[in-house]
Amino acid sequence: MIRTVGASKNIALVAHDNKKDDILQWALSNRHILKNHTLLATGTTGKLLEQALELPVRKLLSGPLGGDQQIGSLIAEGKVDILIFFWDPMQSQPHDPDVKALLRLGVVWNIPMACDTATANLIFSSPLINEEYTVKLTDYEDYKNRVIK
Ligand SMILES: O=C(CO)COP(=O)(O)O
């Protein structure tokens with residue numbers, strides 16, 4: 001299955017508490033790009049980003065209350081084009097299953113996904129960041145034929 005990703009993209013932003021400063025700093029230095037796109041985020045991350053960037057951010061629930069799951073659901077519906085998820089490798093999270101599920105769905109749906117500033121910078125320096133492109137999604141027809149009877 002091929003999906004066309006528009007020039008203006010839906011970008012999901014998520015950061016654990018110890019990574020919130022990192023995502024704010026990263027977002028501020030990429031504000032000139034972020035302003036061309038539609039932003040969504042888990043609750044607290046979204047509130048902080050909206051204040052710092054002075055750009056509208058669609059705020060979902062806070063991560064531990066289901067925000068990661070909401071973003072995962074939007075990924076499965078084809079409504080997220082890029083995921084910036086600065087998760088914390090040094091602290092366990094009460095909602096770790098949700099964190100894993102979100103990371104898993106990003107891969108299932110072949111979403112460009114950055115878990116650190118280096119990767120986020122590479123994605124944002126792509127010539128495609130403000131261009132339309134197509135992406136091949138997991139071949140669900142094949143999967144359905146093999147697995148779902
Ligand atoms: O916990 C999170 C991601 O797993 C982030 O949630 P908040 O943005 O609400 O802090």
# chains A, B, ... in the order shown; residues from 1 in each chain; ligands from 1
$ select_by_dssp --residues "range 16-127 of chain A" --states "helix (DSSP H, G or I)" --output "ChimeraX atom specification"
/A:17-29,31-34,43-53,63-65,67-76,96-108,117-124
$ residues_around --residues "Phe86 in chain A" --least-positions-apart "6" --cutoff "9 Å" --atoms "only C-alpha atoms" --output "PDB file with N, CA and C atoms, in the first residue's frame"
ATOM      1  N   LEU A  13       4.747  15.062  18.498  1.00  0.00           N
ATOM      2  CA  LEU A  13       5.896  15.351  19.372  1.00  0.00           C
ATOM      3  C   LEU A  13       5.597  14.832  20.782  1.00  0.00           C
ATOM      4  N   VAL A  14       6.532  14.066  21.319  1.00  0.00           N
ATOM      5  CA  VAL A  14       6.347  13.458  22.637  1.00  0.00           C
ATOM      6  C   VAL A  14       7.701  13.456  23.343  1.00  0.00           C
ATOM      7  N   ALA A  15       7.694  13.775  24.630  1.00  0.00           N
ATOM      8  CA  ALA A  15       8.957  13.673  25.383  1.00  0.00           C
ATOM      9  C   ALA A  15       8.667  13.284  26.824  1.00  0.00           C
ATOM     10  N   HIS A  16       9.468  12.412  27.360  1.00  0.00           N
ATOM     11  CA  HIS A  16       9.385  12.098  28.787  1.00  0.00           C
ATOM     12  C   HIS A  16       9.939  13.274  29.596  1.00  0.00           C
ATOM     13  N   LYS A  19      13.353  14.567  29.336  1.00  0.00           N
ATOM     14  CA  LYS A  19      13.711  14.939  27.961  1.00  0.00           C
ATOM     15  C   LYS A  19      12.944  16.171  27.481  1.00  0.00           C
ATOM     16  N   LYS A  20      12.161  16.758  28.381  1.00  0.00           N
ATOM     17  CA  LYS A  20      11.333  17.891  27.940  1.00  0.00           C
ATOM     18  C   LYS A  20      12.200  19.097  27.562  1.00  0.00           C
ATOM     19  N   ASP A  22      15.126  18.973  26.312  1.00  0.00           N
ATOM     20  CA  ASP A  22      15.729  18.650  25.005  1.00  0.00           C
ATOM     21  C   ASP A  22      14.750  18.932  23.859  1.00  0.00           C
ATOM     22  N   ILE A  23      13.491  18.495  24.040  1.00  0.00           N
ATOM     23  CA  ILE A  23      12.549  18.673  22.917  1.00  0.00           C
ATOM     24  C   ILE A  23      12.217  20.155  22.747  1.00  0.00           C
ATOM     25  N   ALA A 114      12.055   9.846  15.168  1.00  0.00           N
ATOM     26  CA  ALA A 114      13.307  10.271  15.804  1.00  0.00           C
ATOM     27  C   ALA A 114      13.172  10.140  17.308  1.00  0.00           C
ATOM     28  N   CYS A 115      14.134   9.467  17.919  1.00  0.00           N
ATOM     29  CA  CYS A 115      14.128   9.324  19.380  1.00  0.00           C
ATOM     30  C   CYS A 115      15.254  10.141  20.010  1.00  0.00           C
ATOM     31  N   ASP A 116      15.989  10.895  19.217  1.00  0.00           N
ATOM     32  CA  ASP A 116      17.030  11.767  19.756  1.00  0.00           C
ATOM     33  C   ASP A 116      17.215  12.961  18.825  1.00  0.00           C
ATOM     34  N   THR A 117      17.928  13.956  19.298  1.00  0.00           N
ATOM     35  CA  THR A 117      18.052  15.187  18.499  1.00  0.00           C
ATOM     36  C   THR A 117      18.827  14.954  17.203  1.00  0.00           C
TER      37      THR A 117
END
$ closest_residue --among "A:Ser29, A:Gln70, A:Ser125, A:Thr4" --to "Gly43 in chain A" --atoms "only C-alpha atoms"
A:Gln70
$ closest_residue --among "A:Lys79, A:Arg146, A:Lys100, A:Arg3" --to "ligand 1" --atoms "only C-alpha atoms and all ligand atoms"
A:Lys100
$ select_by_dssp --residues "chain A" --states "strand (DSSP E)" --output "list of chain:residue names"
A:Ile2, A:Arg3, A:Thr4, A:Val5, A:Asn10, A:Ile11, A:Ala12, A:Leu13, A:Val14, A:Ala15, A:Thr38, A:Leu39, A:Leu40, A:Ala41, A:Val57, A:Arg58, A:Lys59, A:Ile82, A:Leu83, A:Ile84, A:Phe85, A:Phe86, A:Met113, A:Ala114, A:Tyr133, A:Thr134, A:Val135, A:Lys136
$ write_last_selection --atoms "C-alpha atoms" --output "compact mmCIF listing (two decimals), in the first residue's frame"
# COMPACT_ATOMS: atom_id res chain seq x y z
CA ILE A 2 1.33 3.40 -0.97
CA ARG A 3 0.39 6.55 0.94
CA THR A 4 1.00 10.07 -0.25
CA VAL A 5 2.38 12.40 2.39
CA ASN A 10 1.22 16.00 10.69
CA ILE A 11 4.09 15.91 13.16
CA ALA A 12 3.64 14.22 16.53
CA LEU A 13 5.90 15.35 19.37
CA VAL A 14 6.35 13.46 22.64
CA ALA A 15 8.96 13.67 25.38
CA THR A 38 0.36 20.58 11.85
CA LEU A 39 1.61 19.75 15.33
CA LEU A 40 0.16 17.28 17.80
CA ALA A 41 1.57 16.10 21.09
CA VAL A 57 -0.41 22.29 19.06
CA ARG A 58 -3.21 19.71 19.23
CA LYS A 59 -2.87 18.37 22.76
CA ILE A 82 6.51 12.06 11.44
CA LEU A 83 7.02 11.07 15.08
CA ILE A 84 9.50 12.88 17.30
CA PHE A 85 9.60 10.85 20.50
CA PHE A 86 12.34 11.68 22.99
CA MET A 113 10.67 8.40 13.80
CA ALA A 114 13.31 10.27 15.80
CA TYR A 133 6.29 12.25 -1.25
CA THR A 134 4.95 8.73 -1.22
CA VAL A 135 5.71 6.10 1.37
CA LYS A 136 5.24 2.37 1.13
$ closest_atom_pairs --of "chain A" --to "ligand 1" --cutoff "10 Å" --atoms "only C-alpha atoms and all ligand atoms" --output "CSV"
residue,atom,partner,partner_atom_place_in_ligand_line,distance
A:Leu13,CA,ligand 1,8 (O),8.3
A:Val14,CA,ligand 1,5 (C),5.4
A:Ala15,CA,ligand 1,5 (C),5.1
A:His16,CA,ligand 1,5 (C),4.9
A:Asp17,CA,ligand 1,10 (O),5.9
A:Asn18,CA,ligand 1,10 (O),9.6
A:Lys19,CA,ligand 1,5 (C),9.5
A:Lys20,CA,ligand 1,10 (O),8.0
A:Ala41,CA,ligand 1,8 (O),6.7
A:Thr42,CA,ligand 1,8 (O),4.1
A:Gly43,CA,ligand 1,9 (O),4.0
A:Thr44,CA,ligand 1,9 (O),3.8
A:Thr45,CA,ligand 1,8 (O),3.6
A:Gly46,CA,ligand 1,8 (O),6.3
A:Lys47,CA,ligand 1,8 (O),8.0
A:Leu48,CA,ligand 1,8 (O),8.6
A:Leu49,CA,ligand 1,8 (O),9.7
A:Lys59,CA,ligand 1,8 (O),8.7
A:Leu60,CA,ligand 1,9 (O),8.1
A:Leu61,CA,ligand 1,9 (O),6.4
A:Ser62,CA,ligand 1,9 (O),3.1
A:Gly63,CA,ligand 1,6 (O),3.4
A:Pro64,CA,ligand 1,1 (O),5.2
A:Leu65,CA,ligand 1,9 (O),7.9
A:Gly66,CA,ligand 1,1 (O),8.6
A:Gly67,CA,ligand 1,6 (O),6.5
A:Asp68,CA,ligand 1,4 (O),5.6
A:Gln69,CA,ligand 1,4 (O),9.0
A:Ile71,CA,ligand 1,3 (C),9.9
A:Phe85,CA,ligand 1,3 (C),7.7
A:Phe86,CA,ligand 1,3 (C),8.3
A:Trp87,CA,ligand 1,4 (O),6.7
A:Asp88,CA,ligand 1,4 (O),8.8
A:Gln93,CA,ligand 1,4 (O),7.5
A:Pro94,CA,ligand 1,1 (O),8.8
A:His95,CA,ligand 1,4 (O),6.9
A:Asp96,CA,ligand 1,4 (O),7.4
A:Pro97,CA,ligand 1,4 (O),9.4
A:Asp98,CA,ligand 1,4 (O),7.0
A:Val99,CA,ligand 1,4 (O),5.2
A:Lys100,CA,ligand 1,4 (O),8.9
A:Leu102,CA,ligand 1,4 (O),8.4
A:Leu103,CA,ligand 1,4 (O),9.9
$ write_last_selection --atoms "C-alpha atoms" --output "short mmCIF file (atom, residue, chain, number, x, y, z; two decimals), in the first residue's frame"
data_model
loop_
_atom_site.label_atom_id
_atom_site.label_comp_id
_atom_site.auth_asym_id
_atom_site.auth_seq_id
_atom_site.Cartn_x
_atom_site.Cartn_y
_atom_site.Cartn_z
CA LEU A 13 5.90 15.35 19.37
CA VAL A 14 6.35 13.46 22.64
CA ALA A 15 8.96 13.67 25.38
CA HIS A 16 9.39 12.10 28.79
CA ASP A 17 9.92 14.45 31.70
CA ASN A 18 13.74 14.27 31.71
CA LYS A 19 13.71 14.94 27.96
CA LYS A 20 11.33 17.89 27.94
CA ALA A 41 1.57 16.10 21.09
CA THR A 42 0.89 14.31 24.34
CA GLY A 43 -0.62 16.61 26.97
CA THR A 44 2.26 18.06 28.94
CA THR A 45 4.70 18.06 26.03
CA GLY A 46 2.09 19.85 23.91
CA LYS A 47 1.38 22.50 26.53
CA LEU A 48 5.08 23.30 26.93
CA LEU A 49 5.68 23.36 23.18
CA LYS A 59 -2.87 18.37 22.76
CA LEU A 60 -3.90 14.79 23.43
CA LEU A 61 -4.01 13.18 26.87
CA SER A 62 -0.88 13.06 28.98
CA GLY A 63 1.24 10.00 28.16
CA PRO A 64 0.53 8.00 31.33
CA LEU A 65 -3.20 8.64 30.89
CA GLY A 66 -3.35 7.32 27.34
CA GLY A 67 -1.72 10.01 25.17
CA ASP A 68 0.81 7.59 23.68
CA GLN A 69 -2.02 5.26 22.76
CA ILE A 71 -0.94 8.97 18.98
CA PHE A 85 9.60 10.85 20.50
CA PHE A 86 12.34 11.68 22.99
CA TRP A 87 11.82 8.80 25.38
CA ASP A 88 13.97 8.44 28.48
CA GLN A 93 7.85 4.68 33.03
CA PRO A 94 4.61 3.47 34.62
CA HIS A 95 3.12 3.29 31.13
CA ASP A 96 6.05 1.48 29.55
CA PRO A 97 3.72 -0.88 27.60
CA ASP A 98 2.17 2.20 25.94
CA VAL A 99 5.62 3.59 25.12
CA LYS A 100 6.60 0.29 23.48
CA LEU A 102 3.81 3.63 20.20
CA LEU A 103 7.35 2.83 19.06
#
$ decode --residues "chain A" --atoms "C-alpha atoms" --output "short mmCIF file (atom, residue, chain, number, x, y, z; two decimals), in the first residue's frame"
data_model
loop_
_atom_site.label_atom_id
_atom_site.label_comp_id
_atom_site.auth_asym_id
_atom_site.auth_seq_id
_atom_site.Cartn_x
_atom_site.Cartn_y
_atom_site.Cartn_z
CA MET A 1 0.00 0.00 0.00
CA ILE A 2 1.33 3.40 -0.97
CA ARG A 3 0.39 6.55 0.94
CA THR A 4 1.00 10.07 -0.25
CA VAL A 5 2.38 12.40 2.39
CA GLY A 6 1.58 16.04 1.70
CA ALA A 7 4.00 18.96 1.77
CA SER A 8 2.38 20.03 5.02
CA LYS A 9 2.74 17.15 7.44
CA ASN A 10 1.22 16.00 10.69
CA ILE A 11 4.09 15.91 13.16
CA ALA A 12 3.64 14.22 16.53
CA LEU A 13 5.90 15.35 19.37
CA VAL A 14 6.35 13.46 22.64
CA ALA A 15 8.96 13.67 25.38
CA HIS A 16 9.39 12.10 28.79
CA ASP A 17 9.92 14.45 31.70
CA ASN A 18 13.74 14.27 31.71
CA LYS A 19 13.71 14.94 27.96
CA LYS A 20 11.33 17.89 27.94
CA ASP A 21 14.15 20.46 27.96
CA ASP A 22 15.73 18.65 25.01
CA ILE A 23 12.55 18.67 22.92
CA LEU A 24 11.86 22.33 23.75
CA GLN A 25 15.36 23.36 22.76
CA TRP A 26 15.21 21.26 19.60
CA ALA A 27 11.75 22.57 18.67
CA LEU A 28 12.78 26.19 19.20
CA SER A 29 15.73 25.81 16.87
CA ASN A 30 13.43 24.17 14.29
CA ARG A 31 10.49 26.52 14.73
CA HIS A 32 10.92 27.88 11.19
CA ILE A 33 10.14 24.37 9.88
CA LEU A 34 7.57 23.33 12.49
CA LYS A 35 5.44 26.39 11.70
CA ASN A 36 4.70 24.98 8.22
CA HIS A 37 3.17 21.80 9.62
CA THR A 38 0.36 20.58 11.85
CA LEU A 39 1.61 19.75 15.33
CA LEU A 40 0.16 17.28 17.80
CA ALA A 41 1.57 16.10 21.09
CA THR A 42 0.89 14.31 24.34
CA GLY A 43 -0.62 16.61 26.97
CA THR A 44 2.26 18.06 28.94
CA THR A 45 4.70 18.06 26.03
CA GLY A 46 2.09 19.85 23.91
CA LYS A 47 1.38 22.50 26.53
CA LEU A 48 5.08 23.30 26.93
CA LEU A 49 5.68 23.36 23.18
CA GLU A 50 2.71 25.60 22.52
CA GLN A 51 3.95 28.11 25.11
CA ALA A 52 7.55 28.01 23.88
CA LEU A 53 6.85 28.05 20.13
CA GLU A 54 3.74 30.23 20.17
CA LEU A 55 2.30 27.86 17.58
CA PRO A 56 -0.93 25.84 17.84
CA VAL A 57 -0.41 22.29 19.06
CA ARG A 58 -3.21 19.71 19.23
CA LYS A 59 -2.87 18.37 22.76
CA LEU A 60 -3.90 14.79 23.43
CA LEU A 61 -4.01 13.18 26.87
CA SER A 62 -0.88 13.06 28.98
CA GLY A 63 1.24 10.00 28.16
CA PRO A 64 0.53 8.00 31.33
CA LEU A 65 -3.20 8.64 30.89
CA GLY A 66 -3.35 7.32 27.34
CA GLY A 67 -1.72 10.01 25.17
CA ASP A 68 0.81 7.59 23.68
CA GLN A 69 -2.02 5.26 22.76
CA GLN A 70 -3.94 8.11 21.14
CA ILE A 71 -0.94 8.97 18.98
CA GLY A 72 -0.52 5.29 18.11
CA SER A 73 -4.13 5.17 17.05
CA LEU A 74 -3.66 8.22 14.82
CA ILE A 75 -0.59 6.57 13.27
CA ALA A 76 -2.69 3.50 12.44
CA GLU A 77 -5.27 5.78 10.82
CA GLY A 78 -2.58 7.39 8.62
CA LYS A 79 -2.90 10.72 10.43
CA VAL A 80 0.71 11.06 11.64
CA ASP A 81 3.53 11.57 9.13
CA ILE A 82 6.51 12.06 11.44
CA LEU A 83 7.02 11.07 15.08
CA ILE A 84 9.50 12.88 17.30
CA PHE A 85 9.60 10.85 20.50
CA PHE A 86 12.34 11.68 22.99
CA TRP A 87 11.82 8.80 25.38
CA ASP A 88 13.97 8.44 28.48
CA PRO A 89 16.37 5.49 28.43
CA MET A 90 17.40 6.16 32.05
CA GLN A 91 14.07 6.01 33.85
CA SER A 92 11.34 3.39 33.78
CA GLN A 93 7.85 4.68 33.03
CA PRO A 94 4.61 3.47 34.62
CA HIS A 95 3.12 3.29 31.13
CA ASP A 96 6.05 1.48 29.55
CA PRO A 97 3.72 -0.88 27.60
CA ASP A 98 2.17 2.20 25.94
CA VAL A 99 5.62 3.59 25.12
CA LYS A 100 6.60 0.29 23.48
CA ALA A 101 3.29 0.15 21.64
CA LEU A 102 3.81 3.63 20.20
CA LEU A 103 7.35 2.83 19.06
CA ARG A 104 6.10 -0.42 17.56
CA LEU A 105 3.31 1.24 15.58
CA GLY A 106 5.74 3.82 14.23
CA VAL A 107 7.69 0.96 12.68
CA VAL A 108 4.60 -0.99 11.57
CA TRP A 109 3.40 2.05 9.62
CA ASN A 110 6.86 3.08 8.36
CA ILE A 111 6.74 6.53 9.96
CA PRO A 112 10.00 8.51 10.07
CA MET A 113 10.67 8.40 13.80
CA ALA A 114 13.31 10.27 15.80
CA CYS A 115 14.13 9.32 19.38
CA ASP A 116 17.03 11.77 19.76
CA THR A 117 18.05 15.19 18.50
CA ALA A 118 20.60 13.81 16.01
CA THR A 119 17.92 11.81 14.17
CA ALA A 120 15.36 14.61 14.47
CA ASN A 121 17.89 16.99 12.88
CA LEU A 122 18.55 14.56 10.03
CA ILE A 123 14.83 14.16 9.33
CA PHE A 124 14.31 17.91 9.43
CA SER A 125 17.27 18.55 7.14
CA SER A 126 15.74 16.28 4.50
CA PRO A 127 14.75 18.07 1.27
CA LEU A 128 11.43 16.22 1.63
CA ILE A 129 10.47 17.93 4.88
CA ASN A 130 8.43 20.55 3.01
CA GLU A 131 7.70 18.41 -0.09
CA GLU A 132 5.08 15.85 -1.01
CA TYR A 133 6.29 12.25 -1.25
CA THR A 134 4.95 8.73 -1.22
CA VAL A 135 5.71 6.10 1.37
CA LYS A 136 5.24 2.37 1.13
CA LEU A 137 3.27 1.03 4.05
CA THR A 138 3.34 -2.48 5.45
CA ASP A 139 1.76 -4.76 2.90
CA TYR A 140 -1.43 -5.54 4.76
CA GLU A 141 -3.01 -7.31 1.81
CA ASP A 142 -0.22 -9.84 2.01
CA TYR A 143 -0.44 -9.97 5.81
CA LYS A 144 -4.19 -10.48 5.71
CA ASN A 145 -3.86 -13.25 3.15
CA ARG A 146 -1.30 -15.06 5.27
CA VAL A 147 -2.53 -14.47 8.79
CA ILE A 148 -6.13 -13.28 8.98
CA LYS A 149 -8.46 -16.01 7.87
#
